[in-house]
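Novice: The structure's right below; bear with me while I get my questions together.
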Amino acid sequence: MTAQPARLERIGPETDALKDVSPFKPSLVRTVFRDVTPMHVSRSATWAAASVTRTVLTEIIDAARKAAAEEARKKLIPRDLLSAIDRNVELEVGGMWYDHSPTFKGLNGVMYDAEGVIVPPRKRSRSRRPSGVAGAHRFEAGVKQLLRNRGVTAVPAMVRDLDGIASVFLTDLVRDAAMVVREGGVKRFGTVTLVTSGEPDPSPSPSPSLQDSLGALSTRRGDARTIGRDDVLAATTIQLFGGRIRQRALVEAHAATQSYNLTRLVAGPAAAGEIADPPPVRENDRQG
């Protein structure tokens with residue numbers, strides 16, 4: 001019988017793409033889904049959400065790393081995060097976290113209520129809906145792994161900010177994916193077309209199958225009770241308004257789910273990072 005490692009080697013580059021999603025484990029992502037919605041969630045949707053979150057955090061870390069490099073540092077500090085967002089507005093995600101972080105204190109402007117009274121920052125974000133702020137600490141291990149992968153470290157305050165942004169962003173992504181399912185597609189945000197600008201772009205090009213998925217976002221098909229991969233891709237187009245980062249997130253999420261499906265098909269659930277479903281219990285077993 002052929003050993004599993006030999007079979008896995010034949011998967012090739014898809015296996016590497018699958019490993020790239022690993023900083024944010026499927027079990028953590030499924031927990032966020034459960035916090036936000038009672039809908040069923042497909043495994044491919046879980047992998048897609050993990051991949052999009054990884055892509056966004058990687059972009060933020062890389063931009064902060066460039067800011068730190070200008071001061072000959074390899075340890076990131078909160079000022080680097082502010083510089084990264086200031087230079088690239090596409091990185092301004094997970095905004096709910098800003099009201100809870102000392103890093104952004106005084107930078108969010110002043111908000112007034114209907115009577116012209118200033119609304120304190122803590123009160124602005126008070127909502128019955130899960131915001132991702134409370135569960136930010138769950139992302140620390142994944143964030144630290146991403147930092148190591150990018151060849152940098154960060155002070156605790158910077159790690160905490162990255163934890164919070166990842167948690168809030170993923171929570172918002174899941175909420176939008178659930179909305180796509182409820183509304184039967186993307187109804188309020190127009191159409192999405194991936195284009196290539198005249199400037200050099202290191203992002204991977206979208207595959208025909210991804211273009212097909214995006215082209216059908218406004219008319220969702222499938223189980224109305226289950227969040228699928230394409231629902232997460234649709235939510236990504238809502239959360240990320242920037243062209244380059246959005247394209248990279250979509251392409252990498254699509255590739256990651258294809259790799260997951262291939263790995264699971266060839267090598268089984270354990271190789272795909274999941275626990276195999278238990279065998280069904282037969283009536284005779286119950287009686288015995």
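Chain identifiers are assigned as A, B, and so on, following the order in which chains appear in the structure tokens; residues are numbered from 1 within each chain, and ligands are numbered from 1 in order of appearance.
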Can you pull out every residue from stretch 16-82 of chain A that DSSP, working from the backbone, puts in helix (DSSP H, G or I), and format the result as JSON, numbers by chain?

Specialist: {"A": [16, 17, 18, 19, 20, 26, 27, 28, 29, 30, 31, 32, 33, 34, 35, 36, 43, 44, 45, 46, 47, 48, 49, 50, 51, 52, 53, 54, 55, 56, 57, 58, 59, 60, 61, 62, 63, 64, 65, 66, 67, 68, 69, 78, 79, 80, 81, 82]}

Novice: How far is it from atom CA of A:Val186 to atom CA of A:Asp231, in Å with one decimal?

Specialist: 9.0 Å

Novice: In Å, rounded to a single decimal, give me how far atom CA of A:Ile227 is from atom CA of A:Ala177.

Specialist: 6.8 Å

Novice: Neighbours of A:Lys74 within 9 Å (only C-alpha atoms; same-chain residues fewer than 6 positions away dropped), as a ChimeraX atom specification?

Specialist: /A:65,68,151-154

Novice: Kindly indicate which residue among A:Leu170, A:Ala255, A:Met179, A:Ala224 lies nearest to A:Gly95, using only C-alpha atoms for the distances.

Specialist: A:Leu170

Novice: Just the residues within 10 Å of A:Asp80, please, counting only C-alpha atoms, with nothing from its chain fewer than 3 positions along; format it as a ChimeraX atom specification.

Specialist: /A:60-61,63-69,75-77,83-86,158

Novice: Taking N, CA, C and O atoms for each residue, export the selection above as a JSON list (two decimals), in the first residue's frame.

Specialist:
```json
[["chain", "number", "residue", "atom", "x", "y", "z"],
["A", 60, "ILE", "N", -0.96, 43.89, 5.98],
["A", 60, "ILE", "CA", -0.74, 44.88, 7.03],
["A", 60, "ILE", "C", 0.66, 44.73, 7.62],
["A", 60, "ILE", "O", 1.38, 45.72, 7.82],
["A", 61, "ILE", "N", 1.06, 43.49, 7.90],
["A", 61, "ILE", "CA", 2.39, 43.25, 8.49],
["A", 61, "ILE", "C", 3.49, 43.69, 7.53],
["A", 61, "ILE", "O", 4.48, 44.31, 7.92],
["A", 63, "ALA", "N", 3.34, 45.99, 5.20],
["A", 63, "ALA", "CA", 3.39, 47.45, 5.13],
["A", 63, "ALA", "C", 4.02, 48.03, 6.39],
["A", 63, "ALA", "O", 4.80, 48.99, 6.33],
["A", 64, "ALA", "N", 3.69, 47.45, 7.55],
["A", 64, "ALA", "CA", 4.29, 47.91, 8.81],
["A", 64, "ALA", "C", 5.79, 47.59, 8.83],
["A", 64, "ALA", "O", 6.60, 48.37, 9.36],
["A", 65, "ARG", "N", 6.16, 46.46, 8.25],
["A", 65, "ARG", "CA", 7.57, 46.08, 8.19],
["A", 65, "ARG", "C", 8.38, 47.10, 7.38],
["A", 65, "ARG", "O", 9.51, 47.44, 7.74],
["A", 66, "LYS", "N", 7.80, 47.60, 6.30],
["A", 66, "LYS", "CA", 8.49, 48.62, 5.49],
["A", 66, "LYS", "C", 8.68, 49.90, 6.30],
["A", 66, "LYS", "O", 9.73, 50.55, 6.22],
["A", 67, "ALA", "N", 7.66, 50.26, 7.07],
["A", 67, "ALA", "CA", 7.79, 51.45, 7.90],
["A", 67, "ALA", "C", 8.89, 51.27, 8.95],
["A", 67, "ALA", "O", 9.67, 52.20, 9.21],
["A", 68, "ALA", "N", 8.96, 50.08, 9.54],
["A", 68, "ALA", "CA", 10.00, 49.81, 10.54],
["A", 68, "ALA", "C", 11.38, 49.78, 9.91],
["A", 68, "ALA", "O", 12.37, 50.24, 10.52],
["A", 69, "ALA", "N", 11.47, 49.26, 8.70],
["A", 69, "ALA", "CA", 12.77, 49.17, 8.01],
["A", 69, "ALA", "C", 13.37, 50.55, 7.76],
["A", 69, "ALA", "O", 14.60, 50.69, 7.72],
["A", 75, "LYS", "N", 11.60, 44.92, 14.78],
["A", 75, "LYS", "CA", 10.53, 44.74, 15.76],
["A", 75, "LYS", "C", 9.49, 45.81, 15.52],
["A", 75, "LYS", "O", 9.78, 47.02, 15.60],
["A", 76, "LEU", "N", 8.28, 45.39, 15.23],
["A", 76, "LEU", "CA", 7.21, 46.33, 14.89],
["A", 76, "LEU", "C", 6.61, 46.96, 16.14],
["A", 76, "LEU", "O", 6.46, 46.30, 17.17],
["A", 77, "ILE", "N", 6.25, 48.22, 16.02],
["A", 77, "ILE", "CA", 5.60, 48.95, 17.10],
["A", 77, "ILE", "C", 4.30, 49.55, 16.56],
["A", 77, "ILE", "O", 4.12, 49.64, 15.34],
["A", 83, "SER", "N", 1.46, 54.06, 10.35],
["A", 83, "SER", "CA", 2.12, 54.45, 9.10],
["A", 83, "SER", "C", 1.61, 53.62, 7.94],
["A", 83, "SER", "O", 1.38, 54.13, 6.83],
["A", 84, "ALA", "N", 1.43, 52.32, 8.18],
["A", 84, "ALA", "CA", 0.97, 51.42, 7.12],
["A", 84, "ALA", "C", -0.42, 51.82, 6.63],
["A", 84, "ALA", "O", -0.68, 51.89, 5.42],
["A", 85, "ILE", "N", -1.31, 52.10, 7.56],
["A", 85, "ILE", "CA", -2.68, 52.49, 7.19],
["A", 85, "ILE", "C", -2.69, 53.86, 6.53],
["A", 85, "ILE", "O", -3.43, 54.10, 5.58],
["A", 86, "ASP", "N", -1.85, 54.77, 7.03],
["A", 86, "ASP", "CA", -1.79, 56.12, 6.47],
["A", 86, "ASP", "C", -1.32, 56.10, 5.02],
["A", 86, "ASP", "O", -1.79, 56.88, 4.19],
["A", 158, "MET", "N", 1.60, 45.93, 19.70],
["A", 158, "MET", "CA", 1.39, 45.73, 18.27],
["A", 158, "MET", "C", 0.72, 44.39, 18.00],
["A", 158, "MET", "O", -0.19, 44.28, 17.17]]
```

Novice: Which residues are near A:Thr226? Cut-off 10 Å, only C-alpha atoms, ignore same chain within fewer than 5 positions. Put them as a list in words.

Specialist: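 Residues near the query, excluding close chain neighbours: Pro38, Met39, His40, Val41, Ser42, Ala45, Ala178, Val181, Arg182 and Asp231 of chain A.
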
Novice: For the selection you just gave me, I'd like the residues written to a file as a CSV table (one decimal), in the first residue's frame, keeping C-alpha atoms.

Specialist:
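Writing the result to selection-v2.csv gives the following:
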```
chain,number,residue,atom,x,y,z
A,38,PRO,CA,-26.7,29.8,13.4
A,39,MET,CA,-26.4,28.9,9.8
A,40,HIS,CA,-24.5,25.8,8.7
A,41,VAL,CA,-21.0,26.5,7.3
A,42,SER,CA,-19.2,24.4,4.7
A,45,ALA,CA,-16.2,28.4,3.5
A,178,ALA,CA,-24.5,35.3,6.2
A,181,VAL,CA,-27.0,33.9,2.0
A,182,ARG,CA,-30.1,35.6,3.4
A,231,ASP,CA,-20.6,33.4,-0.1
```
